[in-house]
>>> print(open('protein.pdb').read())   # PDB, C-alpha atoms
ATOM      1  CA  MET A   1      11.345 -48.346   6.654
ATOM      2  CA  THR A   2      11.686 -51.015   4.004
ATOM      3  CA  PHE A   3      14.254 -51.270   1.218
ATOM      4  CA  ARG A   4      11.615 -50.168  -1.273
ATOM      5  CA  LYS A   5      10.982 -46.965   0.704
ATOM      6  CA  TYR A   6      14.681 -46.119   0.669
ATOM      7  CA  LEU A   7      14.557 -46.665  -3.114
ATOM      8  CA  VAL A   8      11.756 -44.078  -3.377
ATOM      9  CA  LEU A   9      13.860 -41.591  -1.365
ATOM     10  CA  ALA A  10      16.825 -42.274  -3.667
ATOM     11  CA  GLY A  11      14.456 -41.721  -6.613
ATOM     12  CA  ILE A  12      13.626 -38.237  -5.248
ATOM     13  CA  THR A  13      17.312 -37.308  -5.189
ATOM     14  CA  VAL A  14      18.260 -38.821  -8.548
ATOM     15  CA  PHE A  15      15.225 -37.814 -10.626
ATOM     16  CA  SER A  16      15.044 -34.212  -9.373
ATOM     17  CA  THR A  17      18.745 -33.702 -10.012
ATOM     18  CA  ALA A  18      18.790 -35.434 -13.398
ATOM     19  CA  GLY A  19      15.563 -33.685 -14.445
ATOM     20  CA  ASP A  20      16.937 -30.234 -13.609
ATOM     21  CA  SER A  21      20.222 -30.959 -15.407
ATOM     22  CA  LEU A  22      18.429 -32.221 -18.537
ATOM     23  CA  LEU A  23      16.134 -29.168 -18.569
ATOM     24  CA  ALA A  24      19.108 -26.828 -18.195
ATOM     25  CA  ARG A  25      20.933 -28.561 -21.042
ATOM     26  CA  GLY A  26      17.891 -28.461 -23.319
ATOM     27  CA  MET A  27      17.101 -24.819 -22.606
ATOM     28  CA  LYS A  28      20.703 -23.830 -23.315
ATOM     29  CA  GLU A  29      20.460 -25.616 -26.661
ATOM     30  CA  LEU A  30      17.362 -23.569 -27.472
ATOM     31  CA  GLY A  31      19.145 -20.339 -26.657
ATOM     32  CA  SER A  32      17.808 -17.655 -24.383
ATOM     33  CA  VAL A  33      14.058 -17.566 -24.497
ATOM     34  CA  ASN A  34      12.373 -14.515 -23.041
ATOM     35  CA  VAL A  35       9.834 -15.837 -20.620
ATOM     36  CA  SER A  36       6.788 -13.762 -21.449
ATOM     37  CA  LEU A  37       3.302 -14.094 -22.798
ATOM     38  CA  HIS A  38       4.476 -13.186 -26.306
ATOM     39  CA  ASN A  39       6.715 -16.216 -26.394
ATOM     40  CA  VAL A  40       4.230 -18.830 -25.277
ATOM     41  CA  SER A  41       4.555 -20.653 -28.599
ATOM     42  CA  THR A  42       8.359 -20.808 -28.270
ATOM     43  CA  LEU A  43       7.982 -22.166 -24.742
ATOM     44  CA  LEU A  44       5.422 -24.729 -25.867
ATOM     45  CA  LEU A  45       7.698 -25.815 -28.693
ATOM     46  CA  ALA A  46      10.513 -26.251 -26.176
ATOM     47  CA  ILE A  47       9.086 -29.611 -25.139
ATOM     48  CA  LEU A  48       9.875 -30.897 -28.643
ATOM     49  CA  ASN A  49      13.546 -30.689 -27.723
ATOM     50  CA  PRO A  50      14.491 -34.236 -26.617
ATOM     51  CA  TRP A  51      16.520 -33.021 -23.590
ATOM     52  CA  VAL A  52      13.644 -30.874 -22.369
ATOM     53  CA  ALA A  53      11.122 -33.672 -22.946
ATOM     54  CA  LEU A  54      13.272 -36.173 -21.029
ATOM     55  CA  GLY A  55      13.843 -33.585 -18.288
ATOM     56  CA  ILE A  56      10.096 -33.061 -17.859
ATOM     57  CA  LEU A  57       9.558 -36.845 -17.774
ATOM     58  CA  PHE A  58      12.211 -37.139 -15.026
ATOM     59  CA  LEU A  59      10.686 -34.271 -13.033
ATOM     60  CA  LEU A  60       7.254 -35.930 -13.230
ATOM     61  CA  THR A  61       8.838 -39.140 -11.929
ATOM     62  CA  PHE A  62      10.472 -37.111  -9.142
ATOM     63  CA  PHE A  63       7.108 -35.648  -8.226
ATOM     64  CA  ALA A  64       5.481 -39.100  -8.094
ATOM     65  CA  CYS A  65       8.282 -40.309  -5.784
ATOM     66  CA  TYR A  66       7.945 -37.163  -3.640
ATOM     67  CA  MET A  67       4.166 -37.539  -3.222
ATOM     68  CA  SER A  68       4.574 -41.236  -2.486
ATOM     69  CA  ALA A  69       7.219 -40.556   0.184
ATOM     70  CA  LEU A  70       5.028 -37.888   1.799
ATOM     71  CA  SER A  71       2.242 -40.461   2.102
ATOM     72  CA  TRP A  72       4.294 -42.571   4.543
ATOM     73  CA  ALA A  73       6.955 -40.265   5.980
ATOM     74  CA  ASP A  74       7.180 -36.869   7.707
ATOM     75  CA  LEU A  75       7.856 -33.747   5.644
ATOM     76  CA  THR A  76      10.892 -33.043   7.834
ATOM     77  CA  TYR A  77      12.130 -36.577   7.037
ATOM     78  CA  VAL A  78      11.663 -36.368   3.260
ATOM     79  CA  LEU A  79      12.959 -32.824   2.627
ATOM     80  CA  PRO A  80      16.646 -33.418   3.459
ATOM     81  CA  ALA A  81      16.644 -36.156   0.792
ATOM     82  CA  THR A  82      15.953 -33.495  -1.836
ATOM     83  CA  SER A  83      19.048 -31.538  -0.757
ATOM     84  CA  LEU A  84      21.295 -34.557  -1.432
ATOM     85  CA  GLY A  85      20.860 -33.563  -5.095
ATOM     86  CA  TYR A  86      23.282 -30.645  -4.600
ATOM     87  CA  VAL A  87      25.856 -33.132  -3.341
ATOM     88  CA  LEU A  88      25.182 -35.509  -6.233
ATOM     89  CA  VAL A  89      25.691 -32.753  -8.825
ATOM     90  CA  ALA A  90      28.968 -31.678  -7.210
ATOM     91  CA  LEU A  91      30.279 -35.247  -7.058
ATOM     92  CA  ILE A  92      29.343 -35.949 -10.696
ATOM     93  CA  ALA A  93      30.976 -32.664 -11.742
ATOM     94  CA  HIS A  94      34.112 -33.647  -9.835
ATOM     95  CA  PHE A  95      34.490 -37.270 -10.885
ATOM     96  CA  SER A  96      33.040 -37.207 -14.423
ATOM     97  CA  PHE A  97      33.900 -33.712 -15.634
ATOM     98  CA  HIS A  98      36.966 -33.174 -13.419
ATOM     99  CA  GLU A  99      35.688 -29.818 -12.205
ATOM    100  CA  VAL A 100      37.593 -28.383  -9.276
ATOM    101  CA  ILE A 101      35.504 -28.207  -6.098
ATOM    102  CA  SER A 102      36.501 -25.522  -3.612
ATOM    103  CA  THR A 103      37.045 -26.210   0.076
ATOM    104  CA  THR A 104      33.885 -24.247   0.893
ATOM    105  CA  ARG A 105      31.825 -26.506  -1.348
ATOM    106  CA  TRP A 106      33.375 -29.670   0.161
ATOM    107  CA  LEU A 107      32.405 -28.264   3.565
ATOM    108  CA  GLY A 108      28.865 -27.694   2.265
ATOM    109  CA  ILE A 109      28.754 -31.296   1.010
ATOM    110  CA  ALA A 110      29.871 -32.536   4.419
ATOM    111  CA  LEU A 111      27.221 -30.465   6.243
ATOM    112  CA  ILE A 112      24.382 -31.628   3.967
ATOM    113  CA  ALA A 113      25.486 -35.264   4.197
ATOM    114  CA  ALA A 114      25.701 -34.985   7.998
ATOM    115  CA  GLY A 115      22.230 -33.429   8.154
ATOM    116  CA  VAL A 116      20.735 -36.164   5.981
ATOM    117  CA  GLY A 117      22.467 -38.822   8.068
ATOM    118  CA  PHE A 118      21.057 -37.279  11.267
ATOM    119  CA  VAL A 119      17.491 -37.419   9.953
ATOM    120  CA  ALA A 120      17.768 -40.820   8.257
ATOM    121  CA  ALA A 121      18.990 -42.439  11.483
ATOM    122  CA  GLY A 122      15.835 -41.311  13.312
ATOM    123  CA  PRO A 123      12.199 -42.380  12.935
ATOM    124  CA  SER A 124      10.502 -41.641   9.592
ATOM    125  CA  VAL A 125       7.042 -40.889  11.013
ATOM    126  CA  THR A 126       6.265 -38.951  14.181
ATOM    127  CA  SER A 127       2.998 -37.242  13.282
ATOM    128  CA  SER A 128       0.786 -40.345  13.076
ATOM    129  CA  HIS A 129      -1.826 -40.395  15.809
ATOM    130  CA  GLU A 130      -2.177 -44.162  15.560
ATOM    131  CA  PRO A 131       1.239 -45.816  15.338
ATOM    132  CA  GLN A 132       1.204 -48.902  13.125
ATOM    133  CA  ASN A 133       3.099 -51.077  15.557
ATOM    134  CA  SER A 134       4.675 -50.884  18.954
ATOM    135  CA  ARG A 135       8.174 -50.309  17.605
ATOM    136  CA  ASP A 136       7.014 -47.051  15.982
ATOM    137  CA  ALA A 137       5.510 -45.993  19.276
ATOM    138  CA  VAL A 138       8.826 -46.612  21.030
ATOM    139  CA  SER A 139      10.804 -44.576  18.486
ATOM    140  CA  GLN A 140       8.340 -41.706  18.944
ATOM    141  CA  GLU A 141       9.028 -41.682  22.643
ATOM    142  CA  VAL A 142      12.767 -41.688  22.013
ATOM    143  CA  GLU A 143      12.465 -38.700  19.683
ATOM    144  CA  LEU A 144      10.629 -36.736  22.361
TER     145      LEU A 144
ATOM    146  CA  MET B   1      15.920  -0.571  -4.357
ATOM    147  CA  ASN B   2      16.347  -3.769  -6.332
ATOM    148  CA  GLU B   3      17.785  -5.372  -3.226
ATOM    149  CA  ILE B   4      14.539  -4.762  -1.348
ATOM    150  CA  TYR B   5      12.593  -6.309  -4.242
ATOM    151  CA  ALA B   6      14.927  -9.301  -4.255
ATOM    152  CA  TRP B   7      14.430  -9.915  -0.533
ATOM    153  CA  ALA B   8      10.668  -9.456  -0.934
ATOM    154  CA  ALA B   9      10.774 -12.131  -3.656
ATOM    155  CA  ILE B  10      12.861 -14.386  -1.379
ATOM    156  CA  ALA B  11      10.304 -13.960   1.419
ATOM    157  CA  LEU B  12       7.500 -14.821  -1.008
ATOM    158  CA  ILE B  13       9.385 -17.911  -2.276
ATOM    159  CA  ILE B  14       9.886 -19.159   1.295
ATOM    160  CA  LEU B  15       6.237 -18.502   2.217
ATOM    161  CA  ALA B  16       4.801 -20.065  -0.946
ATOM    162  CA  SER B  17       7.016 -23.142  -1.100
ATOM    163  CA  THR B  18       6.569 -23.860   2.616
ATOM    164  CA  THR B  19       2.793 -23.535   2.177
ATOM    165  CA  GLY B  20       2.962 -25.863  -0.833
ATOM    166  CA  ASP B  21       5.066 -28.491   0.938
ATOM    167  CA  VAL B  22       2.877 -28.447   4.040
ATOM    168  CA  LEU B  23      -0.329 -28.742   1.964
ATOM    169  CA  LEU B  24       1.106 -31.616  -0.106
ATOM    170  CA  SER B  25       2.338 -33.445   2.979
ATOM    171  CA  TYR B  26      -1.033 -32.940   4.706
ATOM    172  CA  SER B  27      -2.875 -34.196   1.613
ATOM    173  CA  MET B  28      -0.726 -37.289   1.177
ATOM    174  CA  LYS B  29      -1.091 -38.189   4.858
ATOM    175  CA  ARG B  30      -4.867 -38.136   4.268
ATOM    176  CA  VAL B  31      -4.503 -40.275   1.150
ATOM    177  CA  GLY B  32      -2.533 -42.778   3.212
ATOM    178  CA  ASP B  33       0.384 -45.060   2.363
ATOM    179  CA  VAL B  34       0.371 -45.058  -1.445
ATOM    180  CA  GLY B  35       2.418 -48.277  -1.693
ATOM    181  CA  GLU B  36      -0.054 -50.227   0.457
ATOM    182  CA  LEU B  37      -3.049 -48.793  -1.395
ATOM    183  CA  TRP B  38      -1.493 -49.714  -4.763
ATOM    184  CA  LYS B  39      -0.835 -53.270  -3.579
ATOM    185  CA  GLN B  40      -4.367 -53.748  -2.282
ATOM    186  CA  ARG B  41      -6.559 -51.837  -4.747
ATOM    187  CA  GLY B  42      -4.416 -51.045  -7.799
ATOM    188  CA  VAL B  43      -3.041 -47.881  -9.350
ATOM    189  CA  LEU B  44      -6.468 -46.479 -10.294
ATOM    190  CA  ALA B  45      -7.506 -46.406  -6.648
ATOM    191  CA  VAL B  46      -4.349 -44.406  -5.859
ATOM    192  CA  LEU B  47      -4.993 -41.912  -8.668
ATOM    193  CA  GLY B  48      -8.652 -41.630  -7.716
ATOM    194  CA  ARG B  49      -7.916 -40.895  -4.094
ATOM    195  CA  VAL B  50      -5.158 -38.387  -4.967
ATOM    196  CA  LEU B  51      -7.443 -36.536  -7.414
ATOM    197  CA  ALA B  52     -10.248 -36.540  -4.831
ATOM    198  CA  THR B  53      -8.057 -34.599  -2.369
ATOM    199  CA  PRO B  54      -8.678 -30.880  -3.050
ATOM    200  CA  THR B  55      -5.792 -29.627  -0.879
ATOM    201  CA  ILE B  56      -3.357 -31.110  -3.433
ATOM    202  CA  ALA B  57      -4.523 -28.568  -6.037
ATOM    203  CA  LEU B  58      -3.965 -25.782  -3.470
ATOM    204  CA  GLY B  59      -0.490 -27.148  -2.768
ATOM    205  CA  LEU B  60       0.353 -27.201  -6.475
ATOM    206  CA  MET B  61      -0.882 -23.610  -6.827
ATOM    207  CA  ALA B  62       1.384 -22.548  -3.955
ATOM    208  CA  MET B  63       4.296 -24.337  -5.660
ATOM    209  CA  GLY B  64       3.463 -22.411  -8.838
ATOM    210  CA  VAL B  65       3.527 -19.105  -6.948
ATOM    211  CA  ALA B  66       6.923 -20.087  -5.505
ATOM    212  CA  PHE B  67       8.253 -20.886  -8.990
ATOM    213  CA  TYR B  68       7.170 -17.552 -10.470
ATOM    214  CA  SER B  69       8.479 -15.670  -7.418
ATOM    215  CA  LEU B  70      11.810 -17.338  -8.092
ATOM    216  CA  LEU B  71      11.736 -16.147 -11.715
ATOM    217  CA  PHE B  72      10.972 -12.567 -10.618
ATOM    218  CA  GLY B  73      13.483 -12.773  -7.782
ATOM    219  CA  LEU B  74      16.179 -13.824 -10.239
ATOM    220  CA  SER B  75      15.435 -10.785 -12.393
ATOM    221  CA  TRP B  76      15.977  -8.448  -9.409
ATOM    222  CA  GLY B  77      18.745 -10.171  -7.512
ATOM    223  CA  ASN B  78      21.828 -12.269  -8.162
ATOM    224  CA  LEU B  79      21.548 -16.004  -8.650
ATOM    225  CA  SER B  80      24.095 -16.448  -5.859
ATOM    226  CA  LEU B  81      21.894 -14.555  -3.409
ATOM    227  CA  VAL B  82      18.360 -15.602  -4.331
ATOM    228  CA  VAL B  83      18.782 -19.362  -4.738
ATOM    229  CA  PRO B  84      20.796 -20.215  -1.590
ATOM    230  CA  ALA B  85      18.927 -17.704   0.598
ATOM    231  CA  SER B  86      15.511 -19.021  -0.381
ATOM    232  CA  ALA B  87      16.500 -22.719  -0.413
ATOM    233  CA  SER B  88      18.181 -22.711   2.977
ATOM    234  CA  LEU B  89      15.594 -20.547   4.750
ATOM    235  CA  THR B  90      12.849 -22.753   3.268
ATOM    236  CA  PHE B  91      14.387 -25.728   5.100
ATOM    237  CA  VAL B  92      14.155 -23.961   8.439
ATOM    238  CA  ALA B  93      10.676 -22.565   7.686
ATOM    239  CA  ASN B  94       9.497 -26.071   6.752
ATOM    240  CA  ALA B  95      10.712 -27.484  10.059
ATOM    241  CA  VAL B  96       8.782 -24.786  11.948
ATOM    242  CA  ALA B  97       5.656 -25.213   9.787
ATOM    243  CA  ALA B  98       5.743 -29.029   9.999
ATOM    244  CA  ARG B  99       5.847 -28.760  13.780
ATOM    245  CA  ILE B 100       2.973 -26.266  13.994
ATOM    246  CA  PHE B 101       0.637 -27.424  11.223
ATOM    247  CA  LEU B 102       1.472 -31.113  10.694
ATOM    248  CA  HIS B 103       2.165 -31.860  14.383
ATOM    249  CA  GLU B 104       5.418 -33.563  13.473
ATOM    250  CA  ARG B 105       7.657 -34.078  16.457
ATOM    251  CA  VAL B 106      10.629 -32.061  15.309
ATOM    252  CA  GLY B 107      13.070 -33.216  17.950
ATOM    253  CA  ARG B 108      16.614 -32.067  18.553
ATOM    254  CA  ARG B 109      17.818 -34.496  15.857
ATOM    255  CA  ARG B 110      15.721 -32.865  13.126
ATOM    256  CA  TRP B 111      16.463 -29.286  14.229
ATOM    257  CA  ILE B 112      20.170 -29.977  13.989
ATOM    258  CA  ALA B 113      19.643 -31.648  10.611
ATOM    259  CA  ALA B 114      17.595 -28.716   9.260
ATOM    260  CA  LEU B 115      20.273 -26.226  10.346
ATOM    261  CA  LEU B 116      23.116 -28.397   8.979
ATOM    262  CA  VAL B 117      21.400 -28.804   5.607
ATOM    263  CA  ALA B 118      20.507 -25.084   5.459
ATOM    264  CA  ALA B 119      24.115 -24.106   6.199
ATOM    265  CA  GLY B 120      25.380 -26.700   3.705
ATOM    266  CA  VAL B 121      23.138 -25.348   0.944
ATOM    267  CA  VAL B 122      24.511 -21.832   1.512
ATOM    268  CA  LEU B 123      28.114 -23.067   1.352
ATOM    269  CA  MET B 124      27.427 -25.082  -1.823
ATOM    270  CA  ALA B 125      26.117 -22.005  -3.605
ATOM    271  CA  VAL B 126      28.823 -19.548  -2.516
TER     272      VAL B 126
END
>>> encode(input="protein.pdb", output="structure tokens")
Amino acid sequence: MTFRKYLVLAGITVFSTAGDSLLARGMKELGSVNVSLHNVSTLLLAILNPWVALGILFLLTFFACYMSALSWADLTYVLPATSLGYVLVALIAHFSFHEVISTTRWLGIALIAAGVGFVAAGPSVTSSHEPQNSRDAVSQEVEL
Amino acid sequence: MNEIYAWAAIALIILASTTGDVLLSYSMKRVGDVGELWKQRGVLAVLGRVLATPTIALGLMAMGVAFYSLLFGLSWGNLSLVVPASASLTFVANAVAARIFLHERVGRRRWIAALLVAAGVVLMAV
């Protein structure tokens, strides 16, 4: 795992969270749109809203990061990174918007963070049939 | 009755998104390390190899099914039931599927992590 790979994992967390938030903000600005075939034009026009457009751009970036990460790391290694987004949203809500976070939610944050820490401390690839170097091979044995 | 529909939608979300994730992971493992490929052959080689992998399209279709199941699920059940139930169970289902289909060595460390994250997601959404 290089620094650049950790950056890609951070990109998954940040861009998926920011993309979802931007989309939510844009769609609220547009008002409630009935998702149906009769409203396809309204939905297509939604991308003209700058928040929605930026949200889609962010989600595309997230997807590029996600695909890239899956090309060099296990699915079970990458997935917990996506859940850090929940934590990020809660922390931003708390520190920027001074929303009150209940004890249950703090407990949830702690559990997710612990889970991510557990995975991140282990090897990133275990499925490869031909380990790239001997150190990878050793970490595979340890995981067994 | 709506509750049964909601749980059916949740089951479909879990099935579809797990299928999608497994297919995407499988495809990208076949493509190989994207960073290395980009460095050696350029971005066009990356795009070419990604587009030449048919299982990616299948994965995206599965993701689409999951997305629409979520929309239907939300129309039958509460947001506070459908989202945490499907998100957290998807984590566990992915760990099982990655072990069976991707031959990932899901050791004790990753089982604990999957359960911790799944429990955390439920608590966050309560």
>>> resolve_selection(input="protein.pdb", expression="the PyMOL selection byres ((chain A and resi 65-77) around 7)", output="PyMOL selection string")
(chain A and resi 8-9+11-12+61-64+78-80+119+124-127) or (chain B and resi 25+28-29+31-34+95+98+104)
>>> write_last_selection(input="protein.pdb", atoms="C-alpha atoms", output="mmCIF file, keeping the file's coordinate frame")
data_model
loop_
_atom_site.group_PDB
_atom_site.id
_atom_site.type_symbol
_atom_site.label_atom_id
_atom_site.label_comp_id
_atom_site.auth_asym_id
_atom_site.auth_seq_id
_atom_site.Cartn_x
_atom_site.Cartn_y
_atom_site.Cartn_z
ATOM 1 C CA VAL A 8 11.756 -44.078 -3.377
ATOM 2 C CA LEU A 9 13.860 -41.591 -1.365
ATOM 3 C CA GLY A 11 14.456 -41.721 -6.613
ATOM 4 C CA ILE A 12 13.626 -38.237 -5.248
ATOM 5 C CA THR A 61 8.838 -39.140 -11.929
ATOM 6 C CA PHE A 62 10.472 -37.111 -9.142
ATOM 7 C CA PHE A 63 7.108 -35.648 -8.226
ATOM 8 C CA ALA A 64 5.481 -39.100 -8.094
ATOM 9 C CA VAL A 78 11.663 -36.368 3.260
ATOM 10 C CA LEU A 79 12.959 -32.824 2.627
ATOM 11 C CA PRO A 80 16.646 -33.418 3.459
ATOM 12 C CA VAL A 119 17.491 -37.419 9.953
ATOM 13 C CA SER A 124 10.502 -41.641 9.592
ATOM 14 C CA VAL A 125 7.042 -40.889 11.013
ATOM 15 C CA THR A 126 6.265 -38.951 14.181
ATOM 16 C CA SER A 127 2.998 -37.242 13.282
ATOM 17 C CA SER B 25 2.338 -33.445 2.979
ATOM 18 C CA MET B 28 -0.726 -37.289 1.177
ATOM 19 C CA LYS B 29 -1.091 -38.189 4.858
ATOM 20 C CA VAL B 31 -4.503 -40.275 1.150
ATOM 21 C CA GLY B 32 -2.533 -42.778 3.212
ATOM 22 C CA ASP B 33 0.384 -45.060 2.363
ATOM 23 C CA VAL B 34 0.371 -45.058 -1.445
ATOM 24 C CA ALA B 95 10.712 -27.484 10.059
ATOM 25 C CA ALA B 98 5.743 -29.029 9.999
ATOM 26 C CA GLU B 104 5.418 -33.563 13.473
#
>>> closest_atom_pairs(input="protein.pdb", of="chain B", to="chain A", cutoff="10 Å", atoms="only C-alpha atoms", output="CSV")
residue,atom,partner,partner_atom,distance
B:Asp21,CA,A:Leu75,CA,7.6
B:Val22,CA,A:Leu75,CA,7.4
B:Leu24,CA,A:Met67,CA,7.4
B:Ser25,CA,A:Leu70,CA,5.3
B:Tyr26,CA,A:Leu70,CA,8.3
B:Ser27,CA,A:Ser71,CA,8.1
B:Met28,CA,A:Ser71,CA,4.4
B:Lys29,CA,A:Ser71,CA,4.9
B:Arg30,CA,A:Ser71,CA,7.8
B:Val31,CA,A:Ser71,CA,6.8
B:Gly32,CA,A:Ser71,CA,5.4
B:Asp33,CA,A:Ser71,CA,5.0
B:Val34,CA,A:Ser68,CA,5.8
B:Gly35,CA,A:Ser68,CA,7.4
B:Glu36,CA,A:Trp72,CA,9.7
B:Val50,CA,A:Met67,CA,9.5
B:Ile56,CA,A:Met67,CA,9.9
B:Leu71,CA,A:Val35,CA,9.1
B:Ala87,CA,A:Ser83,CA,9.2
B:Ser88,CA,A:Ser83,CA,9.6
B:Phe91,CA,A:Leu79,CA,7.6
B:Val92,CA,A:Thr76,CA,9.7
B:Asn94,CA,A:Thr76,CA,7.2
B:Ala95,CA,A:Thr76,CA,6.0
B:Val96,CA,A:Thr76,CA,9.5
B:Ala97,CA,A:Thr76,CA,9.6
B:Ala98,CA,A:Leu75,CA,6.8
B:Arg99,CA,A:Thr76,CA,8.9
B:Leu102,CA,A:Ser127,CA,6.8
B:His103,CA,A:Ser127,CA,5.6
B:Glu104,CA,A:Ser127,CA,4.4
B:Arg105,CA,A:Thr126,CA,5.6
B:Val106,CA,A:Thr76,CA,7.5
B:Gly107,CA,A:Glu143,CA,5.8
B:Arg108,CA,A:Glu143,CA,7.9
B:Arg109,CA,A:Phe118,CA,6.3
B:Arg110,CA,A:Val119,CA,5.8
B:Trp111,CA,A:Val119,CA,9.2
B:Ile112,CA,A:Gly115,CA,7.1
B:Ala113,CA,A:Gly115,CA,4.0
B:Ala114,CA,A:Gly115,CA,6.7
B:Leu115,CA,A:Gly115,CA,7.8
B:Leu116,CA,A:Gly115,CA,5.2
B:Val117,CA,A:Ile112,CA,4.4
B:Ala118,CA,A:Ile112,CA,7.8
B:Ala119,CA,A:Leu111,CA,7.1
B:Gly120,CA,A:Gly108,CA,3.9
B:Val121,CA,A:Gly108,CA,6.3
B:Val122,CA,A:Gly108,CA,7.3
B:Leu123,CA,A:Gly108,CA,4.8
B:Met124,CA,A:Arg105,CA,4.6
B:Ala125,CA,A:Arg105,CA,7.6
B:Val126,CA,A:Arg105,CA,7.7
>>> axis_aligned_box(input="protein.pdb", around="stretch 26-40 of chain B", padding_each_side="5 Å", output="JSON")
{"center_x": -1.2, "center_y": -43.3, "center_z": 0.0, "size_x": 17.3, "size_y": 30.8, "size_z": 19.6}
>>> resolve_selection(input="protein.pdb", expression="the PyMOL selection byres ((chain B and resi 57-66) around 7)", output="list in words")
Leu12, Ile13, Ala16, Ser17, Thr19, Gly20, Asp21, Leu23, Leu24, Pro54, Thr55, Ile56, Phe67, Tyr68, Ser69 and Leu70 of chain B
>>> write_last_selection(input="protein.pdb", atoms="C-alpha atoms", output="mmCIF file, keeping the file's coordinate frame")
data_model
loop_
_atom_site.group_PDB
_atom_site.id
_atom_site.type_symbol
_atom_site.label_atom_id
_atom_site.label_comp_id
_atom_site.auth_asym_id
_atom_site.auth_seq_id
_atom_site.Cartn_x
_atom_site.Cartn_y
_atom_site.Cartn_z
ATOM 1 C CA LEU B 12 7.500 -14.821 -1.008
ATOM 2 C CA ILE B 13 9.385 -17.911 -2.276
ATOM 3 C CA ALA B 16 4.801 -20.065 -0.946
ATOM 4 C CA SER B 17 7.016 -23.142 -1.100
ATOM 5 C CA THR B 19 2.793 -23.535 2.177
ATOM 6 C CA GLY B 20 2.962 -25.863 -0.833
ATOM 7 C CA ASP B 21 5.066 -28.491 0.938
ATOM 8 C CA LEU B 23 -0.329 -28.742 1.964
ATOM 9 C CA LEU B 24 1.106 -31.616 -0.106
ATOM 10 C CA PRO B 54 -8.678 -30.880 -3.050
ATOM 11 C CA THR B 55 -5.792 -29.627 -0.879
ATOM 12 C CA ILE B 56 -3.357 -31.110 -3.433
ATOM 13 C CA PHE B 67 8.253 -20.886 -8.990
ATOM 14 C CA TYR B 68 7.170 -17.552 -10.470
ATOM 15 C CA SER B 69 8.479 -15.670 -7.418
ATOM 16 C CA LEU B 70 11.810 -17.338 -8.092
#
>>> atom_distance(input="protein.pdb", atom1="atom CA of A:Ala93", atom2="atom CA of A:Phe15")
16.6 Å
>>> atom_distance(input="protein.pdb", atom1="atom CA of A:Met27", atom2="atom CA of A:Glu99")
21.9 Å
>>> atom_distance(input="protein.pdb", atom1="atom CA of B:Val83", atom2="atom CA of A:His94")
21.6 Å
>>> resolve_selection(input="protein.pdb", expression="the PyMOL selection byres ((chain B and resi 10) around 10)", output="PDB file with C-alpha atoms, in the frame of the given file")
ATOM      1  CA  ILE B   4      14.539  -4.762  -1.348  1.00  0.00           C
ATOM      2  CA  TYR B   5      12.593  -6.309  -4.242  1.00  0.00           C
ATOM      3  CA  ALA B   6      14.927  -9.301  -4.255  1.00  0.00           C
ATOM      4  CA  TRP B   7      14.430  -9.915  -0.533  1.00  0.00           C
ATOM      5  CA  ALA B   8      10.668  -9.456  -0.934  1.00  0.00           C
ATOM      6  CA  ALA B   9      10.774 -12.131  -3.656  1.00  0.00           C
ATOM      7  CA  ALA B  11      10.304 -13.960   1.419  1.00  0.00           C
ATOM      8  CA  LEU B  12       7.500 -14.821  -1.008  1.00  0.00           C
ATOM      9  CA  ILE B  13       9.385 -17.911  -2.276  1.00  0.00           C
ATOM     10  CA  ILE B  14       9.886 -19.159   1.295  1.00  0.00           C
ATOM     11  CA  LEU B  15       6.237 -18.502   2.217  1.00  0.00           C
ATOM     12  CA  ALA B  16       4.801 -20.065  -0.946  1.00  0.00           C
ATOM     13  CA  ALA B  66       6.923 -20.087  -5.505  1.00  0.00           C
ATOM     14  CA  SER B  69       8.479 -15.670  -7.418  1.00  0.00           C
ATOM     15  CA  LEU B  70      11.810 -17.338  -8.092  1.00  0.00           C
ATOM     16  CA  PHE B  72      10.972 -12.567 -10.618  1.00  0.00           C
ATOM     17  CA  GLY B  73      13.483 -12.773  -7.782  1.00  0.00           C
ATOM     18  CA  LEU B  74      16.179 -13.824 -10.239  1.00  0.00           C
ATOM     19  CA  GLY B  77      18.745 -10.171  -7.512  1.00  0.00           C
ATOM     20  CA  LEU B  81      21.894 -14.555  -3.409  1.00  0.00           C
ATOM     21  CA  VAL B  82      18.360 -15.602  -4.331  1.00  0.00           C
ATOM     22  CA  VAL B  83      18.782 -19.362  -4.738  1.00  0.00           C
ATOM     23  CA  PRO B  84      20.796 -20.215  -1.590  1.00  0.00           C
ATOM     24  CA  ALA B  85      18.927 -17.704   0.598  1.00  0.00           C
ATOM     25  CA  SER B  86      15.511 -19.021  -0.381  1.00  0.00           C
ATOM     26  CA  ALA B  87      16.500 -22.719  -0.413  1.00  0.00           C
ATOM     27  CA  LEU B  89      15.594 -20.547   4.750  1.00  0.00           C
ATOM     28  CA  THR B  90      12.849 -22.753   3.268  1.00  0.00           C
TER      29      THR B  90
END
>>> closest_residue(input="protein.pdb", among="A:Trp51, A:Pro123, A:Leu60, A:Met1", to="A:Arg25", atoms="only C-alpha atoms")
A:Trp51
